[in-house]
Structures are given as structure tokens and as C-alpha cells.
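Structure file model.txt (compact mmCIF, C-alpha atoms) is printed below.
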```
# COMPACT_ATOMS: atom_id res chain seq x y z
CA MET A 1 -39.49 14.29 63.24
CA GLU A 2 -38.82 11.42 60.83
CA SER A 3 -38.98 13.70 57.78
CA LYS A 4 -36.63 16.20 59.46
CA TRP A 5 -33.96 13.52 59.91
CA ARG A 6 -34.50 12.38 56.35
CA LYS A 7 -33.94 15.94 55.17
CA ILE A 8 -30.76 16.22 57.22
CA TRP A 9 -29.43 12.93 55.87
CA GLY A 10 -30.37 14.04 52.37
CA LEU A 11 -28.47 17.28 52.86
CA ILE A 12 -25.43 15.46 54.21
CA GLY A 13 -25.61 13.09 51.25
CA LEU A 14 -25.73 15.97 48.82
CA LEU A 15 -22.86 17.67 50.61
CA LEU A 16 -20.82 14.52 50.42
CA LEU A 17 -21.30 14.40 46.65
CA ASN A 18 -18.91 17.32 46.56
CA PHE A 19 -16.18 15.11 47.91
CA VAL A 20 -16.30 12.59 45.09
CA ASN A 21 -13.17 13.50 43.22
CA ASN A 22 -12.11 11.23 40.44
CA VAL A 23 -10.41 11.35 37.07
CA SER A 24 -9.81 8.38 34.82
CA SER A 25 -6.33 7.52 33.64
CA LEU A 26 -5.64 8.96 30.22
CA SER A 27 -2.89 8.67 27.66
CA LEU A 28 -1.50 11.69 25.96
CA THR A 29 0.97 11.83 23.07
CA ILE A 30 3.51 14.58 23.58
CA THR A 31 5.86 15.97 20.99
CA LYS A 32 7.91 18.61 22.79
CA VAL A 33 6.13 20.00 25.84
CA ASP A 34 2.63 19.29 26.95
CA CYS A 35 0.85 20.39 30.07
CA VAL A 36 -2.19 19.17 31.91
CA TYR A 37 -3.93 21.49 34.35
CA GLU A 38 -6.09 20.67 37.36
CA ILE A 39 -8.01 22.86 39.72
CA VAL A 40 -7.52 22.17 43.41
CA ARG A 41 -10.55 23.45 45.24
CA SER A 42 -9.27 23.92 48.75
CA GLU A 43 -5.89 24.24 50.36
CA GLY A 44 -4.68 21.15 52.16
CA ASP A 45 -6.06 18.70 49.60
CA ILE A 46 -3.78 15.79 48.87
CA VAL A 47 -2.86 15.60 45.20
CA SER A 48 -1.57 12.18 44.19
CA GLY A 49 -0.92 10.63 40.87
CA ASN A 50 1.44 8.77 38.62
CA PHE A 51 2.54 8.66 35.01
CA VAL A 52 4.19 6.03 32.85
CA VAL A 53 5.81 6.47 29.47
CA VAL A 54 4.07 3.89 27.34
CA ASP A 55 5.98 3.42 24.13
CA HIS A 56 9.50 3.66 25.27
CA HIS A 57 11.46 1.52 22.84
CA ILE A 58 14.03 3.02 20.59
CA PHE A 59 15.17 0.60 17.94
CA TRP A 60 18.91 0.44 18.34
CA SER A 61 19.85 1.99 21.63
CA SER A 62 18.14 1.09 24.84
CA ASP A 63 18.90 4.25 26.67
CA HIS A 64 16.42 6.97 26.00
CA PRO A 65 17.08 10.11 28.07
CA GLY A 66 13.58 9.84 29.52
CA ILE A 67 10.85 12.38 30.04
CA ASP A 68 11.14 15.44 32.29
CA PHE A 69 8.17 16.05 34.52
CA SER A 70 7.37 19.11 36.62
CA ILE A 71 4.49 20.28 38.80
CA THR A 72 3.90 24.01 39.16
CA SER A 73 1.67 25.53 41.80
CA PRO A 74 -0.69 28.44 41.01
CA GLY A 75 1.82 30.79 42.65
CA GLY A 76 4.44 29.81 40.10
CA ASP A 77 6.78 27.74 42.30
CA ILE A 78 7.85 24.37 41.07
CA LEU A 79 6.74 21.73 43.54
CA HIS A 80 8.19 18.67 41.88
CA ASN A 81 10.81 18.27 39.21
CA LEU A 82 11.89 14.95 37.77
CA LYS A 83 14.38 14.60 34.95
CA GLY A 84 14.87 11.62 32.71
CA THR A 85 12.25 9.24 34.08
CA SER A 86 10.16 6.63 32.38
CA GLY A 87 7.39 6.80 34.94
CA ASP A 88 6.91 7.76 38.55
CA LYS A 89 4.41 8.34 41.33
CA PHE A 90 3.94 11.62 43.19
CA SER A 91 1.91 12.82 46.11
CA PHE A 92 1.86 16.18 47.84
CA LYS A 93 -0.32 18.38 49.99
CA ALA A 94 -1.55 21.38 48.04
CA PRO A 95 -0.23 24.56 49.70
CA ARG A 96 -2.99 26.65 48.18
CA SER A 97 -6.06 26.28 46.03
CA GLY A 98 -6.01 27.14 42.36
CA LEU A 99 -4.79 25.83 39.05
CA TYR A 100 -1.93 23.36 39.19
CA GLN A 101 0.14 22.63 36.11
CA PHE A 102 1.60 19.17 35.37
CA CYS A 103 4.09 19.43 32.51
CA PHE A 104 5.85 16.75 30.50
CA HIS A 105 8.87 17.68 28.47
CA ASN A 106 10.30 15.42 25.76
CA PRO A 107 13.97 16.09 24.98
CA LEU A 108 13.95 14.05 21.77
CA SER A 109 11.96 14.72 18.65
CA THR A 110 10.07 11.41 18.50
CA PRO A 111 6.58 11.70 20.01
CA GLU A 112 6.06 9.72 23.18
CA THR A 113 2.80 8.49 24.66
CA ILE A 114 2.34 9.00 28.38
CA ALA A 115 -0.40 7.44 30.52
CA PHE A 116 -1.09 9.58 33.57
CA TYR A 117 -3.54 9.62 36.44
CA ILE A 118 -4.11 12.49 38.84
CA HIS A 119 -6.36 12.33 41.88
CA ILE A 120 -7.23 15.14 44.27
CA GLY A 121 -8.50 14.00 47.60
CA HIS A 122 -10.36 16.16 50.04
CA ILE A 123 -11.19 15.18 53.58
CA PRO A 124 -13.42 17.53 55.59
CA ASN A 125 -11.38 18.12 58.70
CA GLU A 126 -12.19 19.10 62.27
CA HIS A 127 -12.02 22.78 61.41
CA ASN A 128 -14.91 22.38 58.99
CA LEU A 129 -16.75 20.31 61.60
CA ALA A 130 -16.71 23.16 64.03
CA LYS A 131 -18.02 25.56 61.40
CA ASN A 132 -20.75 23.38 60.04
CA GLU A 133 -22.98 21.61 62.57
CA HIS A 134 -24.62 19.50 59.89
CA LEU A 135 -21.36 17.58 59.39
CA ASP A 136 -21.22 14.40 61.39
CA PRO A 137 -17.87 12.86 62.44
CA ILE A 138 -18.95 9.73 60.61
CA ASN A 139 -18.76 11.63 57.34
CA VAL A 140 -15.13 12.47 58.06
CA LYS A 141 -14.45 8.79 58.60
CA ILE A 142 -16.26 7.84 55.42
CA ALA A 143 -14.23 10.43 53.52
CA GLU A 144 -11.02 8.99 54.95
CA LEU A 145 -12.11 5.50 53.91
CA ARG A 146 -12.87 6.75 50.45
CA GLU A 147 -9.45 8.37 50.19
CA ALA A 148 -7.80 5.11 51.24
CA LEU A 149 -9.71 3.27 48.51
CA GLU A 150 -8.73 5.94 46.02
CA ALA A 151 -5.10 5.42 46.97
CA VAL A 152 -5.48 1.74 46.12
CA THR A 153 -7.13 2.64 42.81
CA THR A 154 -4.31 5.08 41.99
CA GLU A 155 -1.75 2.37 42.61
CA GLN A 156 -3.72 -0.02 40.42
CA LYS A 157 -3.76 2.45 37.54
CA TYR A 158 0.02 2.70 37.85
CA LEU A 159 0.39 -1.07 37.82
CA LYS A 160 -1.92 -1.36 34.84
CA ALA A 161 0.12 1.17 32.86
CA ARG A 162 3.38 -0.57 33.77
CA ASP A 163 1.88 -3.89 32.79
CA ALA A 164 0.91 -2.44 29.40
CA VAL A 165 4.50 -1.27 28.81
CA HIS A 166 5.87 -4.66 29.82
CA ARG A 167 3.44 -6.42 27.53
CA ARG A 168 4.53 -4.29 24.59
CA THR A 169 8.17 -5.14 25.24
CA ASN A 170 7.33 -8.83 25.48
CA GLU A 171 5.35 -8.93 22.28
CA SER A 172 8.04 -6.99 20.48
CA THR A 173 10.61 -9.50 21.73
CA LYS A 174 8.46 -12.36 20.47
CA THR A 175 8.09 -10.94 16.98
CA ARG A 176 11.76 -9.97 16.87
CA VAL A 177 12.85 -13.48 17.80
CA ILE A 178 10.76 -15.06 15.05
CA GLY A 179 11.50 -12.41 12.44
CA TYR A 180 15.23 -12.20 12.95
CA THR A 181 15.71 -15.97 13.18
CA VAL A 182 13.82 -16.73 10.00
CA GLY A 183 15.67 -13.86 8.30
CA GLN A 184 18.92 -15.30 9.56
CA TYR A 185 18.16 -18.73 8.08
CA ILE A 186 17.20 -17.28 4.72
CA LEU A 187 20.30 -15.09 4.56
CA LEU A 188 22.52 -18.00 5.48
CA THR A 189 21.03 -20.14 2.73
CA ILE A 190 21.34 -17.34 0.16
CA ALA A 191 24.95 -16.68 1.18
CA SER A 192 25.93 -20.29 0.76
CA VAL A 193 24.12 -20.61 -2.57
CA LEU A 194 25.94 -17.51 -3.78
CA GLN A 195 29.22 -19.01 -2.62
CA ILE A 196 28.56 -22.14 -4.66
CA VAL A 197 27.57 -20.14 -7.73
CA TYR A 198 30.71 -18.03 -7.45
CA ILE A 199 32.99 -21.06 -7.16
CA ARG A 200 31.28 -22.68 -10.13
CA ARG A 201 31.89 -19.57 -12.18
CA LEU A 202 35.52 -19.53 -11.16
CA PHE A 203 35.95 -23.03 -12.54
CA SER A 204 33.78 -22.77 -15.63
CA LYS A 205 35.39 -23.17 -19.05
CA SER A 206 34.10 -19.95 -20.57
CA VAL A 207 35.97 -17.87 -17.99
CA GLY A 208 39.10 -19.87 -18.60
CA TYR A 209 40.03 -22.22 -15.83
CA ASN A 210 43.52 -22.61 -17.07
CA ARG A 211 44.40 -19.48 -15.20
CA ILE A 212 43.58 -21.13 -11.87
CA MET B 1 1.21 29.32 31.55
CA ILE B 2 -2.19 29.92 30.04
CA LYS B 3 -2.07 33.06 27.93
CA ALA B 4 -4.76 35.31 26.56
CA MET B 5 -7.49 33.91 28.76
CA THR B 6 -10.07 35.63 30.89
CA PHE B 7 -12.97 34.24 32.87
CA PRO B 8 -16.29 35.81 32.00
CA PRO B 9 -18.80 35.82 34.85
CA PHE B 10 -21.17 33.36 33.21
CA LEU B 11 -18.39 30.80 32.85
CA VAL B 12 -17.51 31.14 36.53
CA VAL B 13 -21.15 30.57 37.43
CA LEU B 14 -21.34 27.63 35.03
CA LEU B 15 -18.19 26.07 36.46
CA LEU B 16 -19.41 26.56 40.03
CA ALA B 17 -22.79 25.08 39.18
CA LEU B 18 -21.20 22.13 37.44
CA SER B 19 -18.74 21.67 40.28
CA THR B 20 -21.44 20.52 42.66
CA GLY B 21 -22.09 17.59 40.38
CA PRO B 22 -19.78 14.90 39.05
CA LEU B 23 -17.97 17.40 36.83
CA CYS B 24 -15.54 18.48 39.53
CA ASP B 25 -11.81 17.86 39.09
CA ALA B 26 -11.59 17.46 35.39
CA ILE B 27 -8.32 18.11 33.61
CA TRP B 28 -7.62 21.08 31.43
CA LEU B 29 -5.80 20.65 28.16
CA ASN B 30 -4.18 23.10 25.79
CA ILE B 31 -5.38 22.67 22.22
CA PRO B 32 -2.77 24.11 19.83
CA LYS B 33 -3.76 26.50 17.09
CA THR B 34 -2.93 23.98 14.36
CA GLY B 35 -2.98 20.24 14.73
CA THR B 36 -5.03 18.03 16.97
CA LYS B 37 -4.64 17.07 20.59
CA CYS B 38 -5.74 13.53 21.33
CA VAL B 39 -6.28 11.72 24.59
CA SER B 40 -6.75 7.98 24.65
CA GLU B 41 -7.40 5.23 27.09
CA GLU B 42 -7.18 1.48 26.83
CA ILE B 43 -10.53 0.16 28.01
CA HIS B 44 -11.89 -3.34 28.04
CA SER B 45 -15.31 -4.20 26.68
CA ASN B 46 -18.62 -3.54 28.43
CA VAL B 47 -17.48 -0.48 30.34
CA VAL B 48 -19.52 2.72 30.57
CA VAL B 49 -17.63 5.83 29.45
CA LEU B 50 -19.00 9.25 30.28
CA SER B 51 -17.27 12.48 29.37
CA ASP B 52 -18.04 16.20 29.39
CA TYR B 53 -15.97 18.90 27.76
CA VAL B 54 -16.20 22.67 28.06
CA VAL B 55 -14.05 25.31 26.40
CA VAL B 56 -12.71 27.65 29.07
CA SER B 57 -10.59 30.12 27.19
CA VAL B 58 -12.12 33.32 25.94
CA GLU B 59 -10.53 35.73 23.51
CA ASP B 60 -11.86 39.09 22.46
CA GLY B 61 -15.04 38.44 24.35
CA GLN B 62 -15.85 35.30 22.38
CA THR B 63 -15.51 31.75 23.58
CA ALA B 64 -13.35 29.82 21.15
CA THR B 65 -14.90 26.81 19.45
CA ILE B 66 -13.47 23.38 18.95
CA ALA B 67 -14.26 20.23 17.04
CA VAL B 68 -14.35 16.82 18.74
CA LYS B 69 -14.09 13.31 17.40
CA VAL B 70 -14.21 10.10 19.42
CA THR B 71 -13.26 6.82 17.74
CA SER B 72 -13.37 3.22 18.85
CA PRO B 73 -10.36 0.90 18.40
CA TYR B 74 -11.92 -0.52 15.22
CA GLY B 75 -12.27 2.95 13.74
CA ASN B 76 -15.99 3.52 14.31
CA ASN B 77 -16.93 7.10 14.92
CA LEU B 78 -18.67 7.34 18.29
CA HIS B 79 -19.09 11.10 18.60
CA HIS B 80 -18.33 13.89 16.18
CA ARG B 81 -19.15 17.56 16.66
CA GLU B 82 -17.83 20.67 14.96
CA ASN B 83 -17.79 24.27 16.12
CA VAL B 84 -19.00 23.69 19.68
CA THR B 85 -18.05 25.16 23.03
CA TYR B 86 -19.34 22.38 25.26
CA GLY B 87 -20.73 18.91 24.94
CA ARG B 88 -21.00 15.50 26.44
CA PHE B 89 -20.67 11.99 25.13
CA ALA B 90 -21.49 8.66 26.72
CA PHE B 91 -21.18 5.15 25.37
CA THR B 92 -20.69 1.59 26.50
CA THR B 93 -17.58 0.00 25.04
CA GLU B 94 -18.19 -2.97 22.80
CA GLU B 95 -14.67 -3.95 21.92
CA ALA B 96 -11.58 -3.87 24.11
CA GLY B 97 -8.86 -1.56 22.94
CA ASN B 98 -7.66 1.99 22.66
CA TYR B 99 -10.40 4.60 22.59
CA LEU B 100 -9.29 7.94 21.19
CA ALA B 101 -10.85 11.36 21.71
CA CYS B 102 -9.37 14.07 19.50
CA PHE B 103 -9.85 17.82 19.78
CA TRP B 104 -8.83 20.49 17.33
CA SER B 105 -9.59 24.15 17.18
CA ASP B 106 -11.86 25.41 14.44
CA ASN B 107 -10.33 27.82 11.98
CA ARG B 108 -13.01 30.33 12.69
CA THR B 109 -11.38 31.48 15.93
CA ARG B 110 -9.37 34.50 15.07
CA GLY B 111 -7.23 34.72 18.19
CA SER B 112 -3.56 33.86 18.35
CA GLY B 113 -3.61 32.05 21.67
CA GLU B 114 -4.31 28.43 22.40
CA VAL B 115 -7.70 27.08 23.31
CA VAL B 116 -8.05 25.53 26.75
CA VAL B 117 -10.60 22.75 27.16
CA ASN B 118 -11.89 21.29 30.41
CA ILE B 119 -12.31 17.54 29.92
CA ASP B 120 -13.99 15.32 32.45
CA TRP B 121 -13.44 11.72 31.50
CA LYS B 122 -15.01 8.99 33.62
CA THR B 123 -15.04 5.26 33.02
CA GLY B 124 -16.53 2.34 34.87
CA ILE B 125 -17.47 2.91 38.47
CA ALA B 126 -16.87 6.68 38.34
CA ALA B 127 -19.49 6.98 35.59
CA LYS B 128 -22.15 5.16 37.56
CA ASP B 129 -25.39 7.03 38.04
CA TRP B 130 -25.79 6.96 41.81
CA GLU B 131 -29.02 8.97 41.74
CA SER B 132 -30.95 6.18 40.06
CA VAL B 133 -29.40 3.57 42.34
CA ALA B 134 -30.40 5.67 45.37
CA ARG B 135 -33.93 6.02 44.09
CA LYS B 136 -34.28 2.37 43.18
CA GLU B 137 -32.95 0.98 46.44
CA LYS B 138 -34.23 3.88 48.52
CA LEU B 139 -30.87 4.76 50.04
CA GLN B 140 -29.83 8.11 51.31
CA GLY B 141 -27.15 9.80 53.35
CA VAL B 142 -24.62 7.51 54.97
CA GLU B 143 -26.16 4.38 53.41
CA LEU B 144 -25.61 5.82 49.94
CA GLU B 145 -22.03 6.70 50.77
CA LEU B 146 -21.36 3.21 52.04
CA ARG B 147 -22.93 1.80 48.90
CA LYS B 148 -20.54 3.93 46.83
CA LEU B 149 -17.62 2.63 48.85
CA GLU B 150 -18.82 -0.90 48.21
CA GLY B 151 -18.90 -0.12 44.49
CA ALA B 152 -15.36 1.22 44.69
CA VAL B 153 -14.17 -1.94 46.44
CA GLU B 154 -15.81 -4.10 43.78
CA ALA B 155 -14.07 -2.07 41.09
CA ILE B 156 -10.73 -2.58 42.86
CA HIS B 157 -11.39 -6.31 43.02
CA GLU B 158 -12.20 -6.46 39.30
CA ASN B 159 -9.05 -4.51 38.50
CA LEU B 160 -6.97 -6.93 40.52
CA LEU B 161 -8.45 -9.91 38.70
CA TYR B 162 -7.76 -8.19 35.40
CA LEU B 163 -4.15 -7.51 36.35
CA LYS B 164 -3.77 -11.12 37.43
CA SER B 165 -5.08 -12.44 34.11
CA ARG B 166 -2.81 -10.09 32.18
CA GLU B 167 0.15 -11.23 34.16
CA ALA B 168 -0.71 -14.85 33.42
CA GLU B 169 -0.89 -14.06 29.69
CA MET B 170 2.42 -12.30 29.80
CA ARG B 171 4.02 -15.12 31.69
CA SER B 172 2.93 -17.62 29.03
CA THR B 173 4.24 -15.30 26.28
CA SER B 174 7.58 -15.02 28.08
CA GLU B 175 7.82 -18.75 28.48
CA THR B 176 7.08 -19.45 24.83
CA THR B 177 9.62 -16.80 23.80
CA ASN B 178 12.17 -18.41 26.09
CA ALA B 179 11.55 -21.85 24.58
CA ARG B 180 11.65 -20.43 21.07
CA VAL B 181 14.99 -18.70 21.61
CA ALA B 182 16.52 -22.00 22.70
CA TRP B 183 15.02 -24.00 19.83
CA PHE B 184 15.78 -21.47 17.13
CA SER B 185 19.41 -21.15 18.20
CA ILE B 186 19.91 -24.89 18.10
CA MET B 187 18.12 -25.02 14.78
CA SER B 188 20.32 -22.30 13.36
CA LEU B 189 23.38 -24.27 14.39
CA GLY B 190 21.84 -27.31 12.71
CA ILE B 191 21.05 -25.38 9.53
CA CYS B 192 24.59 -24.03 9.45
CA ILE B 193 26.02 -27.53 9.65
CA VAL B 194 23.59 -28.90 7.07
CA VAL B 195 24.23 -26.09 4.61
CA SER B 196 28.00 -26.34 4.87
CA GLY B 197 27.76 -30.11 4.53
CA LEU B 198 25.70 -29.69 1.35
CA GLN B 199 28.22 -27.17 0.04
CA VAL B 200 31.13 -29.51 0.60
CA TRP B 201 29.27 -32.43 -1.00
CA TYR B 202 28.25 -30.39 -4.02
CA LEU B 203 31.72 -28.97 -4.58
CA LYS B 204 33.26 -32.43 -4.29
CA ARG B 205 30.82 -33.73 -6.92
CA PHE B 206 31.52 -30.74 -9.12
CA PHE B 207 35.26 -31.11 -9.00
CA GLN B 208 34.99 -34.85 -9.60
CA LYS B 209 32.87 -34.14 -12.68
CA LYS B 210 35.45 -31.62 -13.86
CA LYS B 211 38.14 -34.29 -13.36
CA LEU B 212 40.09 -31.98 -11.09
CA ILE B 213 40.28 -34.43 -8.21
```
Structure translated into C-alpha cells:
Amino acid sequence: MESKWRKIWGLIGLLLLNFVNNVSSLSLTITKVDCVYEIVRSEGDIVSGNFVVVDHHIFWSSDHPGIDFSITSPGGDILHNLKGTSGDKFSFKAPRSGLYQFCFHNPLSTPETIAFYIHIGHIPNEHNLAKNEHLDPINVKIAELREALEAVTTEQKYLKARDAVHRRTNESTKTRVIGYTVGQYILLTIASVLQIVYIRRLFSKSVGYNRI
Amino acid sequence: MIKAMTFPPFLVVLLLALSTGPLCDAIWLNIPKTGTKCVSEEIHSNVVVLSDYVVVSVEDGQTATIAVKVTSPYGNNLHHRENVTYGRFAFTTEEAGNYLACFWSDNRTRGSGEVVVNIDWKTGIAAKDWESVARKEKLQGVELELRKLEGAVEAIHENLLYLKSREAEMRSTSETTNARVAWFSIMSLGICIVVSGLQVWYLKRFFQKKKLI
């Protein structure tokens, strides 16, 4: 009797391994258009994710048109379309299983680096419970708990990417302040020395100061 | 859309077999015919990284081959394979920084389409080997699942602490930049005054020497 329960728990454990869905956050450098594909195993899964454009500083102008982002379902319809963003979160319920396409489009010619994270969460629902007697309601609750934790992790990846962008801007500001100020001092000194030299030349005998 | 790609039966079986393990839900990337496609992640030190890659596009009955190279932020080569269709690499990060994994298609593939690669990239808690933990602590079923949830919560906690420390660093950088802007502006005003004062003094001396004033 004991070993039978152990076998059942073992089977449930193995079954639950199927529900561990996770992908680490990656950065991709896109030039014109780049797409990432993901397979959604069953319809009704919640697909959530976010992306942040990491190096987003153009030297002179501060308004970059942004990146266009679109999600295409396996049937070909566009589920989500964002134009001109520098980062966003998305979450939707997959209408069908299959290959989903997440495309980034860069309107400018400079390559941009994008950090993205996509998570597909699956919770075995009551329908599956009725079909499969081995599935205990507690496993549904555990799956829901896991999905809640994954939502927190997704948010953290987004915050981490935003923090990285902010840090880059800050460090660039720091080096710009030092660089431009020291350059300013040097230029000022050189300009005034040149002024003095020019005035000296104006008054020097060889040029003929009688004219002045 | 993915062009020129068919699924041979053995690949379907392989994908299904692999899908029962941790390889489910990897991302697929398009490797262009020329040039490399690189994915990177900024990882701190002492983190386990585990990744599997499989080529999924088939042209003319042959699976296309790719070359892979993984480099650490200091430039060390962690994994380098040429002319392969699948592989796996695992390492523990020693230095914190940007880890880069680059893929390019080998010239031997004669097709005109792009190669599609299935990459499963796991770091930290997702790369943990739960089988050995289950065996060591003799957990199974619901206990193992709760243990995994506990691991996930610990990872969230660590991430929060990391974000907090980064924010503290950034705050100190912002404050020093703020102080520097103020000081440097005042100093530039001071330098301007000093330089013009020197100019005036020098010119006065010069004209006095020239007996003009």
C-alpha cells in the first residue's frame, strides 16, 4: 500500500515536471528586423513577457523613434502591435497552441540591443482534472502558486533591464560632465592665450605698429 | 515566417522526448545565411548557466549545421563547436558581466533559406538539478514541488537584494554627478575670471613696456 502511494506521488511529480516553464532573459542585437519564436503547447496558456531597449542613447538628439514590436499567432493574426516604444510589458491568453512569433523592427539603421523575457505559464485546469484521475486539486493550487511566483520573477527581469538602462545613462552623464568640463577649461585657456598672441603680433615692430 | 522548413519525423520525436524534460519552452532564433546572430545576458558571478541548442530547420532532407561560440566578459572562450546540429554547454560564471553566445551557419549548407535554432538558456535557479536534490533529501511528489517553490522564492529574494544594491550604487553616482556639476560650473566661472584678469594684467604690462600708455 505504501509503495503504491509512493508510485502515485512519483507519477504526479513527474507529470508536474512538464509544467515547469521557464526561459532566462536574453539580449539580442537587432539591425533591421529580428524575430524570436516560441512554441505554446496548449491553448489557454498565459504568455507574458517584457522587453527593454538597452542602448538607447543617440548622441545629439534625444528622441529616437523607438522600436516597433509585434506578436503574431500561429494562425497569422497579429495579437499585439506596439510602435515606437523603448520597452514594454505584455501578457495575453494564447488562443491556440503552436508557434508564436515575437518580432522587433528597428526603423533606423543603427543596431539596437534589446533585452527580452518571455514566459509561458500553464495551469492544469478543472477540465484536465476530470479527465485524469491521478491529478490532485493540490497540484492545481501548486501550479497557480508557481505561476504567481513566475509573475514576480518576470517583473523583476523587467526592473533589472530598466535599471541597466538607467545605469548606462547615469555613467554616460558622469563621463560627459567630466570630459566636457575639462575640455571647456582647456579650450578657454587656449582661446585666451591665442588672443594675447594675436594682440602682441598686432603691436609688434616687425609688422609695423605705426599703422595702428 | 519561417521559410523552407519541414519537420522530419525523427525531429518531432526528439522534440517531444526532450519536451518532457527541462528543455520545454525554449526560444527559436533565425540564423541568417551570412553573419552571426548573438544572444547575450548580463550575469553576476557564481551563477550556473545551462543551455541546449538544436537546429530545427531542414532543407533538402539534410539538417543544416551551425557553429557556436560562447565567450565570457573577459574574452575567454567557454564553448566552441563547428559544424554541429545540436549541443549543450554548462558553466559556472566566474566574473560578472556580459556573457555572449554567438551562432553562425556553416558554409557547407547549400540551401538558400535561413537556419532556425532552438535555444534553451537557463541561469541560476532554473538550471538547478532537482533530481539530485530529490534523491539526496528523499523528496518526491508534492514535497519536491514545494521545495522548488521555495527555491523560486529564494531566487526572488536574491534578485530583490541585487536590485536594491544596484539602486544604491546608482544613487551615489547620481549624487556625485550632481555635486560635480555644481562645482565644475562654479570653477569654470572662476577660471574665466582668472584668465581674463591675467589677460588684462599682461596686456597692461605689455603696453607699458611698449610705452604706449
* Asked: Which distance in Å separates CA of Thr181 (chain A) and CA of Leu198 (chain B), to one decimal?
  ->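 That distance, rounded to one decimal, is 20.7 Å.
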* Nearest residue to chain B from the set A:Asn170, A:Thr85, A:Asn106, A:Ser73 (distances using only C-alpha atoms) ->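 Smallest distance to chain B is found for A:Asn170.
Considering the residues B:Ala90, B:Ile43, B:Ala64, B:Ile156 and counting all atoms listed in the file, Ile125 (chain B) has its shortest atom-to-atom contact with B:Ile156.
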* Within 12 Å of Leu100 (chain B) using only C-alpha atoms, minus same-chain residues under 3 positions, as a list in words ->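 Within the cut-off, the hits are Leu26, Ser27, Leu28 and Thr29 of chain A; Thr36, Lys37, Cys38, Val39, Ser40, Glu41, Glu42, Ile43, Val49, Val68, Lys69, Val70, Thr71, Ser72, Pro73, Tyr74, Gly75, Asn76, Asn77, Leu78, His79, His80, Gly97, Phe103 and Trp121 of chain B.
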I'd like the neighbourhood of region 139-143 of chain A as an mmCIF file with C-alpha atoms, in the frame of the given file, where a residue qualifies if any of its atoms comes within 7 Å (using only C-alpha atoms), though same-chain residues fewer than 5 positions away should be ignored.
```cif
data_model
loop_
_atom_site.group_PDB
_atom_site.id
_atom_site.type_symbol
_atom_site.label_atom_id
_atom_site.label_comp_id
_atom_site.auth_asym_id
_atom_site.auth_seq_id
_atom_site.Cartn_x
_atom_site.Cartn_y
_atom_site.Cartn_z
ATOM 1 C CA ILE A 123 -11.190 15.180 53.580
ATOM 2 C CA PRO A 124 -13.420 17.530 55.590
ATOM 3 C CA ASN A 125 -11.380 18.120 58.700
#
```
* Dump as a list in words all residues having an atom at most 8 Å from (-2.1, 16.5, 47.8), computed in the file's coordinates with only C-alpha atoms. => Gly44, Asp45, Ile46, Val47, Ser48, Ser91, Phe92, Lys93, Ala94, Ile120 and Gly121 of chain A
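Proximity to chain A was assessed for B:Ser45, B:Thr65, B:Asn83, B:Ser51 counting all atoms listed in the file; the smallest distance is recorded for B:Ser51.
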* Mind pulling up the distance from CA of Gly87 (chain A) to CA of Glu147 (chain A)? ->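 Computed distance, CA of Glu147 (chain A) to CA of Gly87 (chain A), equals 22.8 Å.
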* Near region 26-31 of chain B, counting all atoms listed in the file, which residues have an atom at most 10 Å away, once you skip same-chain residues fewer than 3 positions from it, shown as a ChimeraX atom specification? -> /A:21-24,34-39,99-101,118-119 /B:2,19,22-23,34-39,51-57,66,102-105,113-122
* Provide the CA of His105 (chain A) to CA of Phe69 (chain A) distance in Å, to one decimal place. =>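 Taking CA of His105 (chain A) as the start and CA of Phe69 (chain A) as the end point, the length is 6.3 Å.
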* With distances taken over all atoms listed in the file, which of A:Ser97, A:Thr154, A:Asn50, A:Ser25 is nearest to chain B? -> A:Ser25
* Asked: In terms of the shortest atom-to-atom distance over all atoms listed in the file, which of A:Arg176, A:Arg201, A:Lys157, A:Arg41 is closest to Tyr117 (chain A)?
  ->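 Between A:Arg176, A:Arg201, A:Lys157, A:Arg41, the residue approaching Tyr117 (chain A) most closely is A:Lys157.
The shortest atom-to-atom distance to chain B, with only C-alpha atoms taken into account, belongs to A:Val40 out of A:Gly179, A:Arg96, A:Val40, A:Phe104.
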If you count all atoms listed in the file, which residues fall within 12 Å of region 172-175 of chain B, apart from same-chain ones fewer than 5 positions away, as a PDB file with C-alpha atoms, in the frame of the given file?
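Resulting contents of out_31.pdb:
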```pdb
ATOM      1  CA  HIS A 166       5.870  -4.660  29.820  1.00  0.00           C
ATOM      2  CA  ARG A 167       3.440  -6.420  27.530  1.00  0.00           C
ATOM      3  CA  ARG A 168       4.530  -4.290  24.590  1.00  0.00           C
ATOM      4  CA  THR A 169       8.170  -5.140  25.240  1.00  0.00           C
ATOM      5  CA  ASN A 170       7.330  -8.830  25.480  1.00  0.00           C
ATOM      6  CA  GLU A 171       5.350  -8.930  22.280  1.00  0.00           C
ATOM      7  CA  SER A 172       8.040  -6.990  20.480  1.00  0.00           C
ATOM      8  CA  THR A 173      10.610  -9.500  21.730  1.00  0.00           C
ATOM      9  CA  LYS A 174       8.460 -12.360  20.470  1.00  0.00           C
ATOM     10  CA  THR A 175       8.090 -10.940  16.980  1.00  0.00           C
ATOM     11  CA  VAL A 177      12.850 -13.480  17.800  1.00  0.00           C
TER      12      VAL A 177
ATOM     13  CA  SER B 165      -5.080 -12.440  34.110  1.00  0.00           C
ATOM     14  CA  ARG B 166      -2.810 -10.090  32.180  1.00  0.00           C
ATOM     15  CA  GLU B 167       0.150 -11.230  34.160  1.00  0.00           C
ATOM     16  CA  ARG B 180      11.650 -20.430  21.070  1.00  0.00           C
ATOM     17  CA  VAL B 181      14.990 -18.700  21.610  1.00  0.00           C
ATOM     18  CA  ALA B 182      16.520 -22.000  22.700  1.00  0.00           C
TER      19      ALA B 182
END
```
N, CA and C atoms are what I want for region 117-126 of chain B; can you complete it accordingly and write them as a short mmCIF file (atom, residue, chain, number, x, y, z; two decimals), in the coordinates of the input?
```cif
data_model
loop_
_atom_site.label_atom_id
_atom_site.label_comp_id
_atom_site.auth_asym_id
_atom_site.auth_seq_id
_atom_site.Cartn_x
_atom_site.Cartn_y
_atom_site.Cartn_z
N VAL B 117 -9.36 23.52 27.04
CA VAL B 117 -10.60 22.75 27.16
C VAL B 117 -10.59 22.01 28.49
N ASN B 118 -11.72 22.01 29.17
CA ASN B 118 -11.89 21.29 30.41
C ASN B 118 -12.53 19.94 30.07
N ILE B 119 -11.81 18.86 30.28
CA ILE B 119 -12.31 17.54 29.92
C ILE B 119 -12.51 16.72 31.17
N ASP B 120 -13.71 16.19 31.32
CA ASP B 120 -13.99 15.32 32.45
C ASP B 120 -14.26 13.94 31.89
N TRP B 121 -13.36 13.04 32.13
CA TRP B 121 -13.44 11.72 31.50
C TRP B 121 -13.62 10.68 32.60
N LYS B 122 -14.74 9.96 32.56
CA LYS B 122 -15.01 8.99 33.62
C LYS B 122 -15.30 7.64 32.98
N THR B 123 -14.72 6.59 33.52
CA THR B 123 -15.04 5.26 33.02
C THR B 123 -15.41 4.36 34.19
N GLY B 124 -16.24 3.38 33.89
CA GLY B 124 -16.53 2.34 34.87
C GLY B 124 -17.29 2.86 36.06
N ILE B 125 -16.75 2.61 37.24
CA ILE B 125 -17.47 2.91 38.47
C ILE B 125 -17.66 4.41 38.67
N ALA B 126 -16.74 5.23 38.16
CA ALA B 126 -16.87 6.68 38.34
C ALA B 126 -18.03 7.22 37.52
#
```
